[in-house]
file run.cif (mmCIF, C-alpha atoms)
data_structure
#
loop_
_atom_site.group_PDB
_atom_site.id
_atom_site.type_symbol
_atom_site.label_atom_id
_atom_site.label_comp_id
_atom_site.auth_asym_id
_atom_site.auth_seq_id
_atom_site.Cartn_x
_atom_site.Cartn_y
_atom_site.Cartn_z
ATOM 1 C CA MET A 1 32.732 -5.167 -77.843
ATOM 2 C CA ILE A 2 36.549 -5.123 -78.012
ATOM 3 C CA SER A 3 36.703 -2.423 -75.360
ATOM 4 C CA ARG A 4 34.477 -4.465 -73.031
ATOM 5 C CA LEU A 5 36.666 -7.543 -73.501
ATOM 6 C CA LEU A 6 39.782 -5.544 -72.726
ATOM 7 C CA LEU A 7 38.204 -3.982 -69.648
ATOM 8 C CA ALA A 8 37.160 -7.420 -68.412
ATOM 9 C CA SER A 9 40.701 -8.649 -69.056
ATOM 10 C CA ALA A 10 42.052 -5.852 -66.866
ATOM 11 C CA ARG A 11 40.830 -7.809 -63.823
ATOM 12 C CA SER A 12 41.650 -11.298 -65.094
ATOM 13 C CA ASP A 13 44.572 -12.986 -63.339
ATOM 14 C CA ARG A 14 44.887 -15.442 -66.222
ATOM 15 C CA MET A 15 45.177 -12.674 -68.812
ATOM 16 C CA ARG A 16 47.558 -10.798 -66.543
ATOM 17 C CA ARG A 17 49.940 -13.760 -66.463
ATOM 18 C CA LEU A 18 49.714 -14.173 -70.236
ATOM 19 C CA VAL A 19 50.304 -10.531 -71.172
ATOM 20 C CA VAL A 20 53.024 -9.903 -68.589
ATOM 21 C CA SER A 21 54.918 -13.019 -69.737
ATOM 22 C CA VAL A 22 55.238 -11.836 -73.361
ATOM 23 C CA PRO A 23 58.694 -10.213 -73.745
ATOM 24 C CA LEU A 24 57.569 -7.693 -76.377
ATOM 25 C CA THR A 25 54.890 -6.304 -74.067
ATOM 26 C CA ARG A 26 57.465 -4.376 -72.076
ATOM 27 C CA ALA A 27 58.492 -2.224 -75.048
ATOM 28 C CA VAL A 28 54.867 -1.269 -75.696
ATOM 29 C CA VAL A 29 54.140 -0.543 -72.033
ATOM 30 C CA ASP A 30 57.012 1.944 -72.036
ATOM 31 C CA ARG A 31 54.865 4.237 -74.175
ATOM 32 C CA PHE A 32 52.249 4.572 -71.435
ATOM 33 C CA VAL A 33 54.237 3.976 -68.227
ATOM 34 C CA ALA A 34 57.224 6.078 -67.171
ATOM 35 C CA GLY A 35 59.013 3.055 -65.695
ATOM 36 C CA GLU A 36 58.969 0.646 -62.802
ATOM 37 C CA ALA A 37 61.504 2.351 -60.518
ATOM 38 C CA LEU A 38 61.296 5.637 -58.636
ATOM 39 C CA ASP A 39 64.295 6.966 -60.568
ATOM 40 C CA ALA A 40 62.334 6.581 -63.809
ATOM 41 C CA ALA A 41 59.436 8.603 -62.389
ATOM 42 C CA VAL A 42 61.822 11.359 -61.316
ATOM 43 C CA ALA A 43 63.500 11.412 -64.736
ATOM 44 C CA ALA A 44 60.155 11.595 -66.566
ATOM 45 C CA THR A 45 59.004 14.403 -64.274
ATOM 46 C CA ARG A 46 62.184 16.384 -64.829
ATOM 47 C CA GLU A 47 61.750 16.108 -68.615
ATOM 48 C CA LEU A 48 58.081 17.134 -68.529
ATOM 49 C CA THR A 49 58.480 20.049 -66.146
ATOM 50 C CA GLY A 50 61.454 21.230 -68.184
ATOM 51 C CA ALA A 51 59.049 21.515 -71.117
ATOM 52 C CA GLY A 52 56.638 23.658 -69.091
ATOM 53 C CA LEU A 53 54.211 20.884 -68.142
ATOM 54 C CA ALA A 54 52.855 20.096 -64.685
ATOM 55 C CA VAL A 55 52.617 16.493 -63.464
ATOM 56 C CA THR A 56 50.533 14.172 -61.339
ATOM 57 C CA LEU A 57 52.225 10.891 -60.353
ATOM 58 C CA ASP A 58 50.388 7.591 -59.946
ATOM 59 C CA HIS A 59 52.164 4.692 -58.238
ATOM 60 C CA LEU A 60 50.476 1.860 -60.093
ATOM 61 C CA GLY A 61 48.444 -0.724 -58.228
ATOM 62 C CA GLU A 62 44.870 -1.410 -57.191
ATOM 63 C CA ASP A 63 42.683 -3.963 -55.419
ATOM 64 C CA THR A 64 45.206 -4.499 -52.640
ATOM 65 C CA ARG A 65 44.266 -7.581 -50.598
ATOM 66 C CA ASP A 66 46.625 -7.402 -47.610
ATOM 67 C CA ARG A 67 47.743 -4.767 -45.125
ATOM 68 C CA GLU A 68 51.443 -5.138 -45.924
ATOM 69 C CA ARG A 69 50.874 -4.253 -49.569
ATOM 70 C CA ALA A 70 48.691 -1.275 -48.612
ATOM 71 C CA GLU A 71 51.468 0.004 -46.348
ATOM 72 C CA ALA A 72 54.006 -0.500 -49.140
ATOM 73 C CA VAL A 73 51.921 1.649 -51.505
ATOM 74 C CA ARG A 74 51.645 4.370 -48.850
ATOM 75 C CA ASP A 75 55.397 4.282 -48.316
ATOM 76 C CA ALA A 76 56.032 4.435 -52.076
ATOM 77 C CA TYR A 77 54.221 7.788 -52.205
ATOM 78 C CA LEU A 78 56.166 9.097 -49.216
ATOM 79 C CA GLU A 79 59.415 8.063 -50.922
ATOM 80 C CA LEU A 80 58.260 9.770 -54.110
ATOM 81 C CA PHE A 81 57.660 13.014 -52.218
ATOM 82 C CA ASP A 82 61.100 12.803 -50.591
ATOM 83 C CA ALA A 83 62.688 12.296 -54.005
ATOM 84 C CA PHE A 84 60.800 15.265 -55.461
ATOM 85 C CA ALA A 85 61.956 17.436 -52.571
ATOM 86 C CA GLU A 86 65.548 16.290 -53.059
ATOM 87 C CA HIS A 87 65.473 17.066 -56.797
ATOM 88 C CA GLY A 88 63.546 20.346 -56.545
ATOM 89 C CA LEU A 89 60.447 19.019 -58.327
ATOM 90 C CA THR A 90 57.704 19.787 -55.799
ATOM 91 C CA LYS A 91 56.489 23.053 -57.373
ATOM 92 C CA ASP A 92 52.960 22.558 -58.772
ATOM 93 C CA ALA A 93 53.414 18.778 -58.528
ATOM 94 C CA GLU A 94 50.701 16.366 -57.523
ATOM 95 C CA ALA A 95 50.109 12.719 -56.685
ATOM 96 C CA SER A 96 47.109 10.626 -57.753
ATOM 97 C CA LEU A 97 45.871 7.928 -55.357
ATOM 98 C CA LYS A 98 43.647 4.893 -55.757
ATOM 99 C CA LEU A 99 42.060 4.058 -52.425
ATOM 100 C CA SER A 100 41.833 0.393 -53.399
ATOM 101 C CA ALA A 101 45.634 0.367 -53.585
ATOM 102 C CA LEU A 102 45.720 1.702 -50.020
ATOM 103 C CA GLY A 103 43.558 -1.146 -48.724
ATOM 104 C CA GLN A 104 39.985 0.076 -49.264
ATOM 105 C CA GLY A 105 38.835 -3.434 -50.135
ATOM 106 C CA LEU A 106 39.986 -5.023 -46.860
ATOM 107 C CA SER A 107 37.608 -5.824 -43.996
ATOM 108 C CA ASP A 108 38.589 -2.584 -42.238
ATOM 109 C CA GLY A 109 39.438 -0.928 -45.512
ATOM 110 C CA ARG A 110 37.572 2.357 -45.235
ATOM 111 C CA ALA A 111 39.401 3.371 -42.067
ATOM 112 C CA LEU A 112 42.724 1.888 -43.201
ATOM 113 C CA SER A 113 42.788 3.507 -46.652
ATOM 114 C CA LEU A 114 41.720 6.848 -45.167
ATOM 115 C CA GLU A 115 44.534 6.654 -42.614
ATOM 116 C CA HIS A 116 47.080 5.945 -45.360
ATOM 117 C CA ALA A 117 45.662 8.712 -47.574
ATOM 118 C CA ARG A 118 45.855 11.133 -44.672
ATOM 119 C CA ARG A 119 49.537 10.337 -44.125
ATOM 120 C CA ILE A 120 50.181 10.988 -47.805
ATOM 121 C CA CYS A 121 48.267 14.275 -47.725
ATOM 122 C CA GLU A 122 50.171 15.439 -44.645
ATOM 123 C CA ARG A 123 53.496 14.943 -46.439
ATOM 124 C CA ALA A 124 52.211 16.574 -49.621
ATOM 125 C CA ASP A 125 50.925 19.567 -47.652
ATOM 126 C CA ALA A 126 54.288 20.025 -45.958
ATOM 127 C CA LEU A 127 55.976 20.189 -49.365
ATOM 128 C CA GLY A 128 53.417 22.433 -51.044
ATOM 129 C CA MET A 129 52.160 19.610 -53.286
ATOM 130 C CA THR A 130 48.600 18.425 -53.874
ATOM 131 C CA VAL A 131 46.799 15.086 -54.075
ATOM 132 C CA THR A 132 43.887 13.932 -56.220
ATOM 133 C CA VAL A 133 41.947 10.783 -55.369
ATOM 134 C CA ASP A 134 41.254 8.640 -58.442
ATOM 135 C CA MET A 135 37.790 7.203 -58.951
ATOM 136 C CA GLU A 136 37.408 3.491 -59.603
ATOM 137 C CA ASP A 137 34.363 1.409 -60.565
ATOM 138 C CA HIS A 138 30.847 2.468 -59.567
ATOM 139 C CA THR A 139 30.729 0.217 -56.489
ATOM 140 C CA THR A 140 33.371 2.377 -54.793
ATOM 141 C CA VAL A 141 32.016 5.852 -55.584
ATOM 142 C CA ASP A 142 30.196 6.486 -52.304
ATOM 143 C CA ALA A 143 33.116 5.265 -50.176
ATOM 144 C CA THR A 144 35.573 7.337 -52.215
ATOM 145 C CA LEU A 145 33.522 10.526 -51.945
ATOM 146 C CA GLU A 146 33.132 9.970 -48.206
ATOM 147 C CA ALA A 147 36.917 9.669 -47.862
ATOM 148 C CA VAL A 148 37.430 12.833 -49.930
ATOM 149 C CA ARG A 149 35.045 14.757 -47.682
ATOM 150 C CA ASP A 150 36.969 13.568 -44.617
ATOM 151 C CA LEU A 151 40.310 14.537 -46.160
ATOM 152 C CA ARG A 152 39.065 17.961 -47.250
ATOM 153 C CA ALA A 153 38.220 18.820 -43.642
ATOM 154 C CA ASP A 154 41.982 19.123 -43.065
ATOM 155 C CA PHE A 155 43.246 19.501 -46.630
ATOM 156 C CA PRO A 156 40.714 21.523 -48.644
ATOM 157 C CA TRP A 157 42.918 21.305 -51.723
ATOM 158 C CA VAL A 158 42.384 17.533 -52.119
ATOM 159 C CA GLY A 159 41.028 16.765 -55.585
ATOM 160 C CA VAL A 160 38.834 13.943 -56.809
ATOM 161 C CA ALA A 161 38.251 12.334 -60.193
ATOM 162 C CA ILE A 162 34.643 12.071 -61.360
ATOM 163 C CA GLN A 163 33.519 9.905 -64.286
ATOM 164 C CA ALA A 164 31.150 11.546 -66.761
ATOM 165 C CA MET A 165 29.814 8.187 -67.946
ATOM 166 C CA LEU A 166 28.067 7.517 -64.616
ATOM 167 C CA ARG A 167 24.439 8.633 -64.516
ATOM 168 C CA ARG A 168 24.849 10.070 -61.008
ATOM 169 C CA THR A 169 27.706 12.372 -61.956
ATOM 170 C CA GLU A 170 25.882 15.694 -62.378
ATOM 171 C CA GLY A 171 24.557 15.458 -58.835
ATOM 172 C CA ASP A 172 28.032 14.608 -57.537
ATOM 173 C CA LEU A 173 29.537 17.589 -59.364
ATOM 174 C CA ARG A 174 27.036 19.941 -57.738
ATOM 175 C CA ASP A 175 27.901 18.498 -54.325
ATOM 176 C CA LEU A 176 31.615 19.019 -55.012
ATOM 177 C CA ALA A 177 31.288 22.686 -55.982
ATOM 178 C CA GLY A 178 34.218 24.791 -54.854
ATOM 179 C CA GLY A 179 36.892 22.103 -54.899
ATOM 180 C CA ARG A 180 39.394 20.614 -57.296
ATOM 181 C CA VAL A 181 37.624 18.130 -59.590
ATOM 182 C CA ARG A 182 39.174 16.080 -62.379
ATOM 183 C CA LEU A 183 36.515 15.239 -64.972
ATOM 184 C CA VAL A 184 37.197 12.041 -66.924
ATOM 185 C CA LYS A 185 34.976 10.109 -69.313
ATOM 186 C CA GLY A 186 35.481 6.820 -67.454
ATOM 187 C CA ALA A 187 37.574 3.712 -68.070
ATOM 188 C CA TYR A 188 35.655 0.886 -66.393
ATOM 189 C CA ALA A 189 33.105 -1.559 -67.814
ATOM 190 C CA GLU A 190 29.893 -0.429 -66.125
ATOM 191 C CA PRO A 191 26.308 -1.721 -66.521
ATOM 192 C CA ALA A 192 23.716 0.346 -68.369
ATOM 193 C CA SER A 193 21.748 0.731 -65.145
ATOM 194 C CA VAL A 194 24.431 3.063 -63.744
ATOM 195 C CA ALA A 195 26.335 4.345 -66.788
ATOM 196 C CA TYR A 196 25.803 5.748 -70.272
ATOM 197 C CA GLN A 197 26.942 3.217 -72.865
ATOM 198 C CA GLY A 198 27.286 4.892 -76.255
ATOM 199 C CA ARG A 199 30.112 7.236 -77.175
ATOM 200 C CA ALA A 200 27.718 10.049 -78.110
ATOM 201 C CA GLU A 201 25.887 9.738 -74.785
ATOM 202 C CA VAL A 202 29.146 9.826 -72.836
ATOM 203 C CA ASP A 203 30.374 12.819 -74.825
ATOM 204 C CA ARG A 204 27.190 14.745 -74.076
ATOM 205 C CA ALA A 205 27.496 13.873 -70.393
ATOM 206 C CA TYR A 206 31.107 15.071 -70.447
ATOM 207 C CA VAL A 207 30.096 18.428 -71.908
ATOM 208 C CA ARG A 208 27.383 18.823 -69.272
ATOM 209 C CA GLY A 209 29.982 18.098 -66.608
ATOM 210 C CA MET A 210 32.409 20.652 -68.021
ATOM 211 C CA ARG A 211 29.667 23.279 -68.118
ATOM 212 C CA LEU A 212 28.826 22.679 -64.453
ATOM 213 C CA LEU A 213 32.465 22.847 -63.385
ATOM 214 C CA MET A 214 33.233 25.983 -65.358
ATOM 215 C CA GLU A 215 30.144 27.764 -63.980
ATOM 216 C CA GLN A 216 30.847 26.831 -60.346
ATOM 217 C CA ASP A 217 33.555 28.051 -58.024
ATOM 218 C CA GLY A 218 36.440 25.650 -57.792
ATOM 219 C CA HIS A 219 39.229 24.359 -60.002
ATOM 220 C CA PRO A 220 38.100 22.224 -62.966
ATOM 221 C CA MET A 221 40.624 19.706 -64.259
ATOM 222 C CA ILE A 222 39.611 18.726 -67.791
ATOM 223 C CA ALA A 223 41.072 15.278 -68.394
ATOM 224 C CA SER A 224 40.547 14.509 -72.061
ATOM 225 C CA HIS A 225 42.530 13.889 -75.244
ATOM 226 C CA ASP A 226 39.504 14.634 -77.423
ATOM 227 C CA PRO A 227 40.158 17.782 -79.535
ATOM 228 C CA ARG A 228 36.435 18.635 -79.533
ATOM 229 C CA MET A 229 36.261 18.520 -75.747
ATOM 230 C CA ILE A 230 39.335 20.702 -75.428
ATOM 231 C CA GLU A 231 37.837 23.329 -77.747
ATOM 232 C CA ILE A 232 34.535 23.246 -75.883
ATOM 233 C CA ALA A 233 36.376 23.618 -72.564
ATOM 234 C CA LEU A 234 38.237 26.673 -73.869
ATOM 235 C CA GLU A 235 34.963 28.234 -75.023
ATOM 236 C CA LEU A 236 33.290 27.514 -71.670
ATOM 237 C CA ALA A 237 36.247 29.082 -69.878
ATOM 238 C CA ARG A 238 35.917 32.200 -72.067
ATOM 239 C CA ARG A 239 32.175 32.481 -71.458
ATOM 240 C CA ASN A 240 32.696 32.226 -67.702
ATOM 241 C CA ASP A 241 35.563 34.756 -67.662
ATOM 242 C CA ARG A 242 38.059 32.180 -66.435
ATOM 243 C CA GLU A 243 41.736 32.944 -66.800
ATOM 244 C CA PRO A 244 44.273 30.192 -67.598
ATOM 245 C CA GLY A 245 45.359 28.728 -64.285
ATOM 246 C CA SER A 246 41.862 28.863 -62.789
ATOM 247 C CA TYR A 247 41.311 25.551 -64.589
ATOM 248 C CA GLU A 248 43.649 23.070 -66.229
ATOM 249 C CA PHE A 249 43.885 20.358 -68.840
ATOM 250 C CA GLN A 250 45.154 16.875 -68.072
ATOM 251 C CA MET A 251 46.356 14.138 -70.402
ATOM 252 C CA LEU A 252 48.006 10.768 -69.974
ATOM 253 C CA TYR A 253 51.722 10.192 -70.278
ATOM 254 C CA GLY A 254 52.600 9.091 -73.792
ATOM 255 C CA ILE A 255 49.347 10.149 -75.452
ATOM 256 C CA ARG A 256 49.122 13.284 -77.654
ATOM 257 C CA SER A 257 52.428 14.615 -76.339
ATOM 258 C CA ASP A 258 52.615 17.256 -79.070
ATOM 259 C CA GLU A 259 49.193 18.574 -78.091
ATOM 260 C CA GLN A 260 50.251 18.687 -74.456
ATOM 261 C CA ARG A 261 53.167 20.943 -75.367
ATOM 262 C CA ARG A 262 51.034 23.051 -77.680
ATOM 263 C CA LEU A 263 48.541 23.833 -74.931
ATOM 264 C CA ALA A 264 51.307 24.631 -72.467
ATOM 265 C CA GLY A 265 52.941 26.871 -75.049
ATOM 266 C CA ALA A 266 49.641 28.699 -75.526
ATOM 267 C CA GLY A 267 49.616 29.627 -71.835
ATOM 268 C CA GLU A 268 47.261 26.914 -70.604
ATOM 269 C CA ARG A 269 48.056 24.864 -67.516
ATOM 270 C CA MET A 270 48.671 21.369 -68.837
ATOM 271 C CA ARG A 271 49.197 18.512 -66.373
ATOM 272 C CA VAL A 272 50.460 15.082 -67.433
ATOM 273 C CA TYR A 273 49.285 11.964 -65.574
ATOM 274 C CA VAL A 274 52.493 9.971 -65.084
ATOM 275 C CA PRO A 275 52.078 6.329 -63.984
ATOM 276 C CA TYR A 276 55.044 4.342 -62.712
ATOM 277 C CA GLY A 277 55.711 1.100 -60.853
ATOM 278 C CA GLY A 278 55.716 -2.625 -61.498
ATOM 279 C CA ASP A 279 51.971 -3.285 -61.213
ATOM 280 C CA TRP A 280 51.142 -1.811 -64.592
ATOM 281 C CA TYR A 281 48.832 -4.460 -66.080
ATOM 282 C CA GLY A 282 45.389 -3.066 -65.125
ATOM 283 C CA TYR A 283 46.322 0.471 -66.135
ATOM 284 C CA PHE A 284 47.775 -0.736 -69.433
ATOM 285 C CA MET A 285 44.670 -2.746 -70.394
ATOM 286 C CA ARG A 286 42.379 0.218 -69.743
ATOM 287 C CA ARG A 287 44.527 2.402 -71.999
ATOM 288 C CA LEU A 288 44.146 -0.180 -74.786
ATOM 289 C CA ALA A 289 40.388 -0.270 -74.242
ATOM 290 C CA GLU A 290 39.951 3.504 -74.404
ATOM 291 C CA ARG A 291 41.098 4.014 -77.983
ATOM 292 C CA PRO A 292 41.389 1.629 -80.949
ATOM 293 C CA ALA A 293 44.597 3.436 -81.921
ATOM 294 C CA ASN A 294 46.221 2.269 -78.708
ATOM 295 C CA LEU A 295 45.268 -1.338 -79.433
ATOM 296 C CA ALA A 296 46.519 -1.026 -83.020
ATOM 297 C CA PHE A 297 49.826 0.338 -81.724
ATOM 298 C CA PHE A 298 50.107 -2.650 -79.365
ATOM 299 C CA LEU A 299 49.346 -5.212 -82.096
ATOM 300 C CA ARG A 300 51.709 -3.622 -84.629
ATOM 301 C CA SER A 301 54.581 -4.062 -82.171
ATOM 302 C CA PHE A 302 54.215 -7.828 -82.513
ATOM 303 C CA LEU A 303 54.163 -7.735 -86.323
#

call {"tool": "encode", "arguments": {"input": "run.cif", "output": "structure tokens"}}
result
Amino acid sequence: MISRLLLASARSDRMRRLVVSVPLTRAVVDRFVAGEALDAAVAATRELTGAGLAVTLDHLGEDTRDRERAEAVRDAYLELFDAFAEHGLTKDAEASLKLSALGQGLSDGRALSLEHARRICERADALGMTVTVDMEDHTTVDATLEAVRDLRADFPWVGVAIQAMLRRTEGDLRDLAGGRVRLVKGAYAEPASVAYQGRAEVDRAYVRGMRLLMEQDGHPMIASHDPRMIEIALELARRNDREPGSYEFQMLYGIRSDEQRRLAGAGERMRVYVPYGGDWYGYFMRRLAERPANLAFFLRSFL
């Protein structure tokens, strides 16, 4: 129930104004967000890569409602790539995009967001970087997968995030065989008609998704902080004769940092999802909803 309330709050303008206005919130957000400015993203990336970790950068924002904002998000990614090139950080680096931030929700949003995503992919390709398209709520899945197919015609390395909690996911994973796929459990409040609801159901769906990805050609990206899922992924990789580097683990910035370094030290490819930018509210609320420990951490900061 608490998770559903938090997920609903993630899209509430009233709650946004309340949470953002509390001075102590900023200190808590710093655990999950690298910073608001580009310099902070560069500094966080330098620290992580220095520790042997790969990165994927997310310029925070979603549900863009005007063309100017969509263009600003596009330009923020291009500036990020320029900064990475300047600081020698492009090797094995990646960006994560939300198509809604690039204008997908506008009247001509499908074409507009695809055009912006293509510009971003062109710059990434020139620098030897990659891009993964984030998945949002279930109403956008078909449009997102269509955009990914269009992008892969020119950039076959484009990745996509797929949510295990959605009932359609196993079919989508079969259709995506051969590409880069980030498997996540899912962080949106979805109805029972389209998504598994209980934790055990979602966990079982996640394992089925990992099995499909590990058995297919392609590059599985196992995005989980759950120790059980990580152990199962390692066993599936062993059974399918996969070497480290033919798959990877992904975790969020600020969560289980010691485990991130342990996996990297054991020879696994470990990529950290690094969010940055001023529009952090929606991302932050979903992180609180995912784990009670995150919410407890947030509440303790006020006490």

call {"tool": "closest_atom_pairs", "arguments": {"input": "run.cif", "of": "segment 139-254 of chain A", "to": "segment 100-118 of chain A", "cutoff": "10 Å", "atoms": "only C-alpha atoms", "output": "tab-separated table"}}
result
residue	atom	partner	partner_atom	distance
A:Thr140	CA	A:Ser100	CA	8.8
A:Ala143	CA	A:Arg110	CA	7.3
A:Thr144	CA	A:Arg110	CA	8.8
A:Glu146	CA	A:Arg110	CA	9.3
A:Ala147	CA	A:Leu114	CA	6.2
A:Val148	CA	A:Leu114	CA	8.8
A:Asp150	CA	A:Leu114	CA	8.2
A:Leu151	CA	A:Arg118	CA	6.7
A:Arg152	CA	A:Arg118	CA	10.0
A:Asp154	CA	A:Arg118	CA	9.0
A:Phe155	CA	A:Arg118	CA	9.0

call {"tool": "resolve_selection", "arguments": {"input": "run.cif", "expression": "the PyMOL selection byres ((chain A and resi 73) around 9)", "output": "PDB file with C-alpha atoms, keeping the file's coordinate frame"}}
result
ATOM      1  CA  HIS A  59      52.164   4.692 -58.238  1.00  0.00           C
ATOM      2  CA  LEU A  60      50.476   1.860 -60.093  1.00  0.00           C
ATOM      3  CA  GLY A  61      48.444  -0.724 -58.228  1.00  0.00           C
ATOM      4  CA  GLU A  68      51.443  -5.138 -45.924  1.00  0.00           C
ATOM      5  CA  ARG A  69      50.874  -4.253 -49.569  1.00  0.00           C
ATOM      6  CA  ALA A  70      48.691  -1.275 -48.612  1.00  0.00           C
ATOM      7  CA  GLU A  71      51.468   0.004 -46.348  1.00  0.00           C
ATOM      8  CA  ALA A  72      54.006  -0.500 -49.140  1.00  0.00           C
ATOM      9  CA  ARG A  74      51.645   4.370 -48.850  1.00  0.00           C
ATOM     10  CA  ASP A  75      55.397   4.282 -48.316  1.00  0.00           C
ATOM     11  CA  ALA A  76      56.032   4.435 -52.076  1.00  0.00           C
ATOM     12  CA  TYR A  77      54.221   7.788 -52.205  1.00  0.00           C
ATOM     13  CA  LEU A  78      56.166   9.097 -49.216  1.00  0.00           C
ATOM     14  CA  ALA A 101      45.634   0.367 -53.585  1.00  0.00           C
ATOM     15  CA  LEU A 102      45.720   1.702 -50.020  1.00  0.00           C
ATOM     16  CA  HIS A 116      47.080   5.945 -45.360  1.00  0.00           C
TER      17      HIS A 116
END

call {"tool": "closest_atom_pairs", "arguments": {"input": "run.cif", "of": "segment 199-290 of chain A", "to": "segment 33-43 of chain A", "cutoff": "6 Å", "atoms": "all atoms listed in the file", "output": "tab-separated table"}}
result
residue	atom	partner	partner_atom	distance
A:Pro275	CA	A:Val33	CA	5.3
A:Tyr276	CA	A:Gly35	CA	5.1
A:Gly277	CA	A:Glu36	CA	3.8
A:Gly278	CA	A:Glu36	CA	4.8

call {"tool": "write_last_selection", "arguments": {"input": "run.cif", "atoms": "C-alpha atoms", "output": "compact mmCIF listing (two decimals), in the coordinates of the input"}}
result
# COMPACT_ATOMS: atom_id res chain seq x y z
CA PRO A 275 52.08 6.33 -63.98
CA TYR A 276 55.04 4.34 -62.71
CA GLY A 277 55.71 1.10 -60.85
CA GLY A 278 55.72 -2.62 -61.50

call {"tool": "closest_residue", "arguments": {"input": "run.cif", "among": "A:Glu86, A:Arg262, A:Glu248, A:Lys91", "to": "Thr49 of chain A", "atoms": "only C-alpha atoms"}}
result
A:Lys91

call {"tool": "atom_distance", "arguments": {"input": "run.cif", "atom1": "atom CA of Asp142 of chain A", "atom2": "atom CA of Gly159 of chain A"}}
result
15.3 Å

call {"tool": "atom_distance", "arguments": {"input": "run.cif", "atom1": "atom CA of Asp66 of chain A", "atom2": "atom CA of Lys98 of chain A"}}
result
15.0 Å

call {"tool": "closest_residue", "arguments": {"input": "run.cif", "among": "A:Tyr253, A:Tyr247, A:Trp157, A:Phe81", "to": "Ala44 of chain A", "atoms": "all atoms listed in the file"}}
result
A:Tyr253

call {"tool": "residues_around", "arguments": {"input": "run.cif", "residues": "Val202 of chain A", "least_positions_apart": "4", "cutoff": "10 Å", "atoms": "only C-alpha atoms", "output": "PyMOL selection string"}}
result
chain A and resi 163-167+185-186+195-198+206-208

call {"tool": "resolve_selection", "arguments": {"input": "run.cif", "expression": "the PyMOL selection byres ((chain A and resi 88) around 12)", "output": "PyMOL selection string"}}
result
chain A and resi 42+45-46+49-50+81-87+89-93+127-129

call {"tool": "resolve_selection", "arguments": {"input": "run.cif", "expression": "the PyMOL selection byres ((chain A and resi 53) around 8)", "output": "list in words"}}
result
Leu48, Thr49, Gly50, Ala51, Gly52, Ala54, Val55, Gln260, Arg261, Ala264, Arg269, Met270, Arg271 and Val272 of chain A

call {"tool": "atom_distance", "arguments": {"input": "run.cif", "atom1": "atom CA of Tyr188 of chain A", "atom2": "atom CA of Glu136 of chain A"}}
result
7.5 Å

call {"tool": "decode", "arguments": {"input": "run.cif", "residues": "segment 61-71 of chain A", "atoms": "N, CA, C and O atoms", "output": "tab-separated table (two decimals), in the first residue's frame"}}
result
chain	number	residue	atom	x	y	z
A	61	GLY	N	14.25	13.63	-16.00
A	61	GLY	CA	13.11	14.33	-16.56
A	61	GLY	C	12.21	13.35	-17.29
A	61	GLY	O	12.66	12.33	-17.78
A	62	GLU	N	10.92	13.65	-17.32
A	62	GLU	CA	9.97	12.80	-18.02
A	62	GLU	C	8.69	13.60	-18.24
A	62	GLU	O	8.52	14.69	-17.70
A	63	ASP	N	7.81	13.06	-19.05
A	63	ASP	CA	6.51	13.69	-19.33
A	63	ASP	C	6.66	15.13	-19.80
A	63	ASP	O	5.93	16.02	-19.35
A	64	THR	N	7.60	15.36	-20.70
A	64	THR	CA	7.79	16.69	-21.26
A	64	THR	C	6.54	17.11	-22.04
A	64	THR	O	6.01	16.35	-22.83
A	65	ARG	N	6.10	18.37	-21.81
A	65	ARG	CA	4.86	18.84	-22.42
A	65	ARG	C	5.05	19.96	-23.43
A	65	ARG	O	4.07	20.52	-23.91
A	66	ASP	N	6.28	20.32	-23.75
A	66	ASP	CA	6.49	21.33	-24.80
A	66	ASP	C	7.77	21.03	-25.56
A	66	ASP	O	8.68	20.37	-25.06
A	67	ARG	N	7.82	21.50	-26.79
A	67	ARG	CA	8.93	21.20	-27.69
A	67	ARG	C	10.25	21.77	-27.18
A	67	ARG	O	11.30	21.16	-27.33
A	68	GLU	N	10.20	22.97	-26.58
A	68	GLU	CA	11.42	23.60	-26.11
A	68	GLU	C	12.10	22.75	-25.03
A	68	GLU	O	13.33	22.58	-25.03
A	69	ARG	N	11.29	22.19	-24.13
A	69	ARG	CA	11.86	21.34	-23.09
A	69	ARG	C	12.43	20.07	-23.69
A	69	ARG	O	13.51	19.59	-23.29
A	70	ALA	N	11.74	19.48	-24.66
A	70	ALA	CA	12.25	18.27	-25.31
A	70	ALA	C	13.59	18.53	-25.98
A	70	ALA	O	14.52	17.71	-25.91
A	71	GLU	N	13.71	19.69	-26.63
A	71	GLU	CA	14.98	20.04	-27.27
A	71	GLU	C	16.07	20.27	-26.22
A	71	GLU	O	17.24	19.92	-26.45
